[in-house]
$ cat coords.cif   # mmCIF, C-alpha atoms
data_query
#
loop_
_atom_site.label_atom_id
_atom_site.label_comp_id
_atom_site.auth_asym_id
_atom_site.auth_seq_id
_atom_site.Cartn_x
_atom_site.Cartn_y
_atom_site.Cartn_z
CA MET A 1 111.48 181.98 64.32
CA ALA A 2 111.41 180.72 67.91
CA ILE A 3 109.43 177.55 68.49
CA MET A 4 105.76 178.35 69.07
CA HIS A 5 103.82 176.75 71.91
CA ALA A 6 100.05 176.85 72.20
CA ILE A 7 100.10 177.37 75.95
CA ASP A 8 101.77 180.76 75.42
CA TYR A 9 98.57 181.92 73.71
CA ALA A 10 96.11 180.61 76.30
CA GLU A 11 95.45 184.04 77.81
CA LYS A 12 95.60 185.95 74.54
CA LEU A 13 92.89 184.19 72.59
CA ARG A 14 90.17 186.74 73.15
CA ASP A 15 89.58 188.29 69.77
CA THR A 16 89.66 187.47 66.11
CA ALA A 17 92.52 189.91 65.42
CA THR A 18 94.81 187.96 67.75
CA GLU A 19 93.73 184.74 66.15
CA ARG A 20 94.33 186.10 62.65
CA GLU A 21 97.82 187.16 63.67
CA LEU A 22 98.46 183.72 65.10
CA ALA A 23 97.32 182.10 61.84
CA LYS A 24 99.68 184.35 59.92
CA LYS A 25 102.62 183.34 62.12
CA LEU A 26 101.68 179.70 61.83
CA ARG A 27 101.57 179.82 58.03
CA SER A 28 105.23 180.85 58.04
CA LEU A 29 106.18 177.50 59.58
CA PRO A 30 106.64 174.17 57.79
CA GLU A 31 103.35 172.31 57.66
CA GLU A 32 104.44 169.52 60.05
CA GLU A 33 105.20 172.20 62.65
CA ARG A 34 101.85 173.85 62.08
CA PHE A 35 100.24 170.50 62.71
CA ALA A 36 102.22 169.95 65.92
CA PHE A 37 101.19 173.40 67.15
CA ILE A 38 97.54 172.71 66.34
CA LEU A 39 97.68 169.46 68.31
CA GLU A 40 98.96 171.46 71.29
CA MET A 41 96.29 174.09 70.76
CA LEU A 42 93.57 171.43 70.95
CA GLU A 43 94.39 171.12 74.64
CA VAL A 44 94.20 174.90 75.13
CA ASN A 45 91.25 175.96 73.00
CA LEU A 46 89.39 173.51 70.79
CA LEU A 47 87.68 175.98 68.47
CA VAL A 48 90.78 178.10 67.94
CA ALA A 49 92.72 174.94 67.10
CA LEU A 50 90.12 173.87 64.56
CA GLU A 51 89.95 177.34 63.02
CA LEU A 52 93.74 177.35 62.70
CA ALA A 53 93.66 173.91 61.12
CA SER A 54 91.11 175.05 58.61
CA ALA A 55 93.08 178.20 57.82
CA CYS A 56 96.64 176.86 57.88
CA LEU A 57 96.74 173.19 56.93
CA ARG A 58 96.82 172.23 53.27
CA ARG A 59 97.93 168.62 53.35
CA GLN A 60 95.06 166.18 53.21
CA ASP A 61 96.99 163.57 55.19
CA LEU A 62 97.39 165.99 58.11
CA LEU A 63 93.75 167.06 57.98
CA THR A 64 92.80 163.38 57.97
CA ARG A 65 95.03 162.69 60.97
CA LEU A 66 93.38 165.59 62.76
CA LEU A 67 89.92 164.15 62.16
CA GLU A 68 91.12 160.76 63.38
CA HIS A 69 92.43 162.49 66.49
CA GLY A 70 89.02 164.09 67.01
CA LEU A 71 87.18 160.80 66.65
CA ALA A 72 89.47 159.32 69.28
CA GLN A 73 89.07 162.26 71.65
CA VAL A 74 85.35 163.01 71.74
CA LYS A 75 83.60 162.05 74.95
CA ASP A 76 80.17 163.50 74.23
CA LEU A 77 77.61 163.56 71.44
CA SER A 78 78.06 167.19 70.41
CA THR A 79 81.72 168.11 70.19
CA ILE A 80 82.37 166.16 67.01
CA LYS A 81 80.12 168.61 65.14
CA TYR A 82 82.80 171.31 65.53
CA TRP A 83 85.43 169.00 64.08
CA LEU A 84 83.14 168.24 61.15
CA GLU A 85 82.26 171.90 60.59
CA HIS A 86 85.92 172.79 60.19
CA LEU A 87 87.25 169.71 58.43
CA ILE A 88 84.49 168.78 55.99
CA PRO A 89 85.02 171.92 53.90
CA ARG A 90 88.68 170.94 53.58
CA LEU A 91 88.35 167.19 53.14
CA GLY A 92 84.97 166.81 51.47
CA VAL A 93 82.02 164.70 52.57
CA ARG A 94 83.08 161.52 50.76
CA ARG A 95 86.59 161.58 52.22
CA VAL A 96 85.17 162.16 55.71
CA LEU A 97 82.79 159.23 55.27
CA GLY A 98 85.82 157.17 54.28
CA VAL A 99 87.69 158.21 57.43
CA LEU A 100 84.66 157.38 59.56
CA ARG A 101 84.52 153.94 58.00
CA GLU A 102 88.25 153.38 58.61
CA GLN A 103 87.90 154.48 62.24
CA LEU A 104 84.71 152.59 63.01
CA ASP A 105 86.37 149.69 64.81
CA ALA A 106 88.91 151.82 66.66
CA HIS A 107 86.59 154.64 67.73
CA PRO A 108 82.96 153.50 67.55
CA PHE A 109 81.68 156.20 69.93
CA GLY A 110 83.25 159.03 67.93
CA VAL A 111 81.99 157.61 64.65
CA GLY A 112 78.51 156.98 66.06
CA SER A 113 78.19 160.56 67.25
CA ALA A 114 79.60 161.89 63.96
CA LEU A 115 77.01 160.02 61.90
CA TYR A 116 74.17 162.11 63.32
CA HIS A 117 75.92 165.39 62.52
CA MET A 118 76.78 164.17 59.00
CA LEU A 119 73.09 164.58 58.24
CA GLY A 120 73.79 168.27 57.81
CA TYR A 121 76.38 167.65 55.08
CA VAL A 122 75.11 164.77 52.98
CA LYS A 123 73.42 166.25 49.93
CA LYS A 124 70.12 164.48 49.56
CA ASP A 125 70.19 164.52 45.75
CA ASP A 126 73.71 163.01 45.60
CA THR A 127 72.68 159.36 45.53
CA ASN A 128 76.26 158.03 45.62
CA THR A 129 76.99 159.93 48.82
CA VAL A 130 73.64 159.00 50.36
CA ASP A 131 74.40 155.34 49.52
CA ALA A 132 77.88 155.58 51.07
CA PHE A 133 76.36 157.18 54.16
CA ARG A 134 73.74 154.45 54.41
CA GLU A 135 76.32 151.68 53.96
CA LEU A 136 78.42 153.13 56.77
CA TYR A 137 75.38 153.52 59.01
CA ASP A 138 74.33 149.91 58.33
CA GLU A 139 77.85 148.64 58.97
CA ALA A 140 78.02 150.53 62.25
CA SER A 141 74.61 149.17 63.19
CA ARG A 142 75.68 145.58 62.40
CA LYS A 143 78.74 146.06 64.60
CA GLY A 144 76.57 147.12 67.50
CA VAL A 145 77.63 150.77 67.57
CA ARG A 146 75.07 152.89 69.43
CA LEU A 147 73.54 155.12 66.80
CA PRO A 148 70.82 157.73 66.47
CA ASP A 149 67.75 156.50 64.64
CA LEU A 150 68.21 157.78 61.08
CA ARG A 151 65.60 155.53 59.48
CA GLY A 152 63.43 158.54 58.71
CA PHE A 153 66.25 160.08 56.68
CA PHE A 154 66.99 156.88 54.77
CA ASN A 155 63.33 156.15 54.13
CA LYS A 156 63.00 159.60 52.64
CA HIS A 157 66.28 159.80 50.74
CA GLY A 158 67.76 156.28 50.55
CA MET B 159 73.54 156.83 72.81
CA GLY B 160 76.05 156.62 75.62
CA THR B 161 77.40 158.07 78.82
CA GLU B 162 78.48 161.66 78.37
CA ALA B 163 80.78 163.84 80.36
CA VAL B 164 78.71 166.86 81.47
CA HIS B 165 80.30 170.17 82.48
CA PRO B 166 77.43 172.51 83.41
CA VAL B 167 77.62 175.99 81.90
CA ASP B 168 75.87 179.19 82.95
CA GLY B 169 73.17 179.64 80.35
CA TYR B 170 71.09 182.74 79.70
CA ARG B 171 67.31 182.86 79.58
CA LEU B 172 66.04 183.88 76.16
CA ASP B 173 63.14 186.35 76.22
CA TRP B 174 61.15 188.35 73.68
CA GLN B 175 61.12 191.99 74.82
CA ASN B 176 60.30 195.17 72.88
CA ASP B 177 60.31 193.39 69.50
CA ARG B 178 63.66 191.72 69.96
CA TRP B 179 65.14 188.59 71.47
CA VAL B 180 67.26 189.24 74.53
CA SER B 181 69.41 187.04 76.73
CA VAL B 182 68.95 187.54 80.45
CA SER B 183 71.68 186.46 82.84
CA GLU B 184 70.96 184.96 86.21
CA SER B 185 71.74 188.34 87.79
CA GLY B 186 69.23 190.06 85.49
CA VAL B 187 71.55 191.67 82.94
CA VAL B 188 69.67 192.00 79.65
CA ARG B 189 71.48 191.97 76.29
CA SER B 190 70.24 191.76 72.73
CA ALA B 191 70.84 188.27 71.43
CA THR B 192 73.46 187.97 68.71
CA GLY B 193 75.69 185.34 67.08
CA ARG B 194 75.32 181.59 67.03
CA ARG B 195 73.95 179.91 70.14
CA ILE B 196 72.91 176.49 71.30
CA PHE B 197 69.58 176.33 73.10
CA ILE B 198 67.45 174.06 75.20
CA VAL B 199 63.81 174.41 76.22
CA THR B 200 63.00 173.16 79.69
CA GLU B 201 59.71 171.54 80.64
CA ASP B 202 58.16 174.84 81.75
CA GLY B 203 58.82 176.27 78.26
CA THR B 204 61.76 178.47 79.25
CA ILE B 205 64.44 178.79 76.58
CA TYR B 206 68.06 178.85 77.70
CA VAL B 207 70.93 179.73 75.39
CA SER B 208 74.69 179.52 75.56
CA PRO B 209 77.47 180.58 73.22
CA ARG B 210 78.98 177.60 71.47
CA ARG B 211 82.41 178.73 72.62
CA ILE B 212 82.77 179.27 76.36
CA ALA B 213 84.81 182.41 76.87
CA GLY B 214 88.07 181.82 78.70
CA ALA B 215 87.47 178.11 79.12
CA GLY B 216 88.90 176.97 75.80
CA ARG B 217 86.12 174.50 75.31
CA VAL B 218 82.72 174.27 73.71
CA ALA B 219 79.33 173.95 75.33
CA SER B 220 77.06 170.99 74.67
CA HIS B 221 73.31 170.78 75.14
CA ALA B 222 73.88 168.42 78.05
CA ASP B 223 76.16 171.03 79.66
CA LEU B 224 73.49 173.70 79.18
CA ALA B 225 70.74 171.48 80.58
CA GLY B 226 72.83 170.65 83.65
CA GLY B 227 70.58 167.74 84.50
CA ARG B 228 67.25 169.50 83.88
CA ASP B 229 64.59 167.77 81.81
CA VAL B 230 64.63 169.07 78.27
CA LEU B 231 61.66 169.49 75.96
CA TYR B 232 63.53 170.63 72.86
CA ALA B 233 67.05 171.61 71.78
CA GLY B 234 69.00 172.92 68.82
CA GLU B 235 70.95 175.89 67.53
CA ILE B 236 69.95 179.48 66.82
CA GLN B 237 71.61 181.98 64.52
CA PHE B 238 70.85 185.56 65.50
CA SER B 239 71.50 188.52 63.25
CA GLY B 240 74.74 190.43 63.66
CA ARG B 241 75.63 193.99 64.54
CA THR B 242 73.07 195.89 62.51
CA ASN B 243 70.05 193.86 63.48
CA ARG B 244 70.74 192.39 66.89
CA GLY B 245 67.97 190.56 68.67
CA GLN B 246 66.50 189.04 65.52
CA ILE B 247 66.58 185.34 64.66
CA ARG B 248 67.86 184.46 61.21
CA TRP B 249 67.18 180.75 61.62
CA TRP B 250 67.03 178.03 64.20
CA ASN B 251 67.12 174.26 64.00
CA ASN B 252 66.89 171.01 65.91
CA GLN B 253 70.54 169.90 65.74
CA SER B 254 71.35 168.19 69.00
CA GLY B 255 73.35 164.99 69.05
CA HIS B 256 72.36 164.51 72.67
CA TYR B 257 68.59 165.00 72.56
CA LEU B 258 67.88 164.21 68.87
CA PRO B 259 64.68 166.29 68.81
CA GLY B 260 62.35 165.60 65.91
CA SER B 261 61.56 168.37 63.45
CA GLU B 262 57.87 167.43 63.67
CA CYS B 263 57.90 168.76 67.26
CA ALA B 264 59.44 172.12 66.34
CA GLN B 265 56.59 174.03 67.96
CA GLN B 266 58.10 172.93 71.28
CA GLY B 267 61.08 175.12 70.46
CA GLY B 268 58.98 178.19 71.19
CA MET B 269 60.42 180.28 68.38
CA PRO B 270 58.94 181.42 65.06
CA LEU B 271 58.24 178.37 62.92
CA ASP B 272 58.80 180.28 59.68
CA LEU B 273 62.47 180.60 60.70
CA PHE B 274 62.84 176.92 61.58
CA ARG B 275 65.26 174.95 59.39
CA PRO B 276 64.93 171.23 60.12
CA PHE B 277 68.33 169.64 60.61
CA GLY B 278 69.22 167.02 58.01
CA ALA B 279 65.84 167.17 56.28
#
$ encode --input "coords.cif" --output "structure tokens"
Amino acid sequence: MAIMHAIDYAEKLRDTATERELAKKLRSLPEEERFAFILEMLEVNLLVALELASACLRRQDLLTRLLEHGLAQVKDLSTIKYWLEHLIPRLGVRRVLGVLREQLDAHPFGVGSALYHMLGYVKKDDTNTVDAFRELYDEASRKGVRLPDLRGFFNKHG
Amino acid sequence: MGTEAVHPVDGYRLDWQNDRWVSVSESGVVRSATGRRIFIVTEDGTIYVSPRRIAGAGRVASHADLAGGRDVLYAGEIQFSGRTNRGQIRWWNNQSGHYLPGSECAQQGGMPLDLFRPFGA
């Protein structure tokens, strides 16, 4: 198969059928090449790239690298929610909390904005996960990361 | 929380007409609301919505983009019903990393409270 480039699809990404076909083509490539294509696609169409990642990547290390890339890239307080929506189902909440902790020093803004959106994924009756979430929040707070006020959540569930 | 890059988007006004929610473009085109949308409520109580994915732009819309500098009373996301029941809200919430609206102020959202799902509660 000829090498695929995301830019070639920039004008074609208008419907789910096209995107399904693209996912099918991508799955025929080695996983490292899928990953490289998805990194290109991030520059063309963020949501399509994340949907492709969710549909075509299997390796946890590549999904983790993608999340790290997202944490480094985000420049606003909303966009990280799309990364989390697509990657949490593949990585799991605990693994994502681990990545956030690992990336806290390198990308405090991305991690700070992700912590708010993690509220939608942390199961309130899973005390281990709530504790891990709280520890990360406290660590970020101690390090001076600008954070949303989640005291209400922790008072209720912590 | 920080300085954000804002790229204003053309939002649609959300109205309740003839027992259904409709989005009204700036030029007055009325369409039944469908799919997932982000929303803001401005200080005069007007609700503006935008698709999460901006067609043709390859990027996503944020609440700050939708507000475009206007003062915002409330913000979140809305899920409308699909093809067979367009114009009906399935649920809405207060998820906005930019405005962090409290669920206790949900009445400011201007939509049915029985369909409100507090974010992270």
$ residues_near_point --input "coords.cif" --point "(67.1, 171.8, 74.0)" --cutoff "12 Å" --atoms "only C-alpha atoms" --output "count of residues only"
47
$ residues_near_point --input "coords.cif" --point "(90.8, 152.9, 66.0)" --cutoff "12 Å" --atoms "only C-alpha atoms" --output "VMD selection string"
chain A and resid 65 67 to 73 99 to 111
$ resolve_selection --input "coords.cif" --expression "the PyMOL selection byres ((chain A and resi 80) around 9)" --output "list in words"
Gly70, Leu71, Val74, Asp76, Leu77, Ser78, Thr79, Lys81, Tyr82, Trp83, Leu84, Glu85, Gly110, Val111, Ser113, Ala114 and His117 of chain A
$ write_last_selection --input "coords.cif" --atoms "C-alpha atoms" --output "compact mmCIF listing (two decimals), in the coordinates of the input"
# COMPACT_ATOMS: atom_id res chain seq x y z
CA GLY A 70 89.02 164.09 67.01
CA LEU A 71 87.18 160.80 66.65
CA VAL A 74 85.35 163.01 71.74
CA ASP A 76 80.17 163.50 74.23
CA LEU A 77 77.61 163.56 71.44
CA SER A 78 78.06 167.19 70.41
CA THR A 79 81.72 168.11 70.19
CA LYS A 81 80.12 168.61 65.14
CA TYR A 82 82.80 171.31 65.53
CA TRP A 83 85.43 169.00 64.08
CA LEU A 84 83.14 168.24 61.15
CA GLU A 85 82.26 171.90 60.59
CA GLY A 110 83.25 159.03 67.93
CA VAL A 111 81.99 157.61 64.65
CA SER A 113 78.19 160.56 67.25
CA ALA A 114 79.60 161.89 63.96
CA HIS A 117 75.92 165.39 62.52
$ atom_distance --input "coords.cif" --atom1 "CA of Ala6 in chain A" --atom2 "CA of Phe37 in chain A"
6.2 Å
$ resolve_selection --input "coords.cif" --expression "the PyMOL selection byres ((chain A) within 7 of (chain B))" --output "number ranges by chain"
A: 44-46, 75-78, 113, 116, 119-120, 146-148
$ write_last_selection --input "coords.cif" --atoms "C-alpha atoms" --output "compact mmCIF listing (two decimals), keeping the file's coordinate frame"
# COMPACT_ATOMS: atom_id res chain seq x y z
CA VAL A 44 94.20 174.90 75.13
CA ASN A 45 91.25 175.96 73.00
CA LEU A 46 89.39 173.51 70.79
CA LYS A 75 83.60 162.05 74.95
CA ASP A 76 80.17 163.50 74.23
CA LEU A 77 77.61 163.56 71.44
CA SER A 78 78.06 167.19 70.41
CA SER A 113 78.19 160.56 67.25
CA TYR A 116 74.17 162.11 63.32
CA LEU A 119 73.09 164.58 58.24
CA GLY A 120 73.79 168.27 57.81
CA ARG A 146 75.07 152.89 69.43
CA LEU A 147 73.54 155.12 66.80
CA PRO A 148 70.82 157.73 66.47
$ resolve_selection --input "coords.cif" --expression "the PyMOL selection byres ((chain A and resi 87) around 9)" --output "list in words"
Leu50, Ala53, Ser54, Leu63, Thr64, Leu66, Leu67, Tyr82, Trp83, Leu84, Glu85, His86, Ile88, Pro89, Arg90, Leu91, Gly92 and Val96 of chain A
$ closest_residue --input "coords.cif" --among "A:Asp131, A:Gly158, A:Ala36, A:His5" --to "Leu22 in chain A" --atoms "only C-alpha atoms"
A:His5
$ closest_residue --input "coords.cif" --among "A:His157, A:Met4, A:Leu26, A:Glu40" --to "Thr129 in chain A" --atoms "all atoms listed in the file"
A:His157
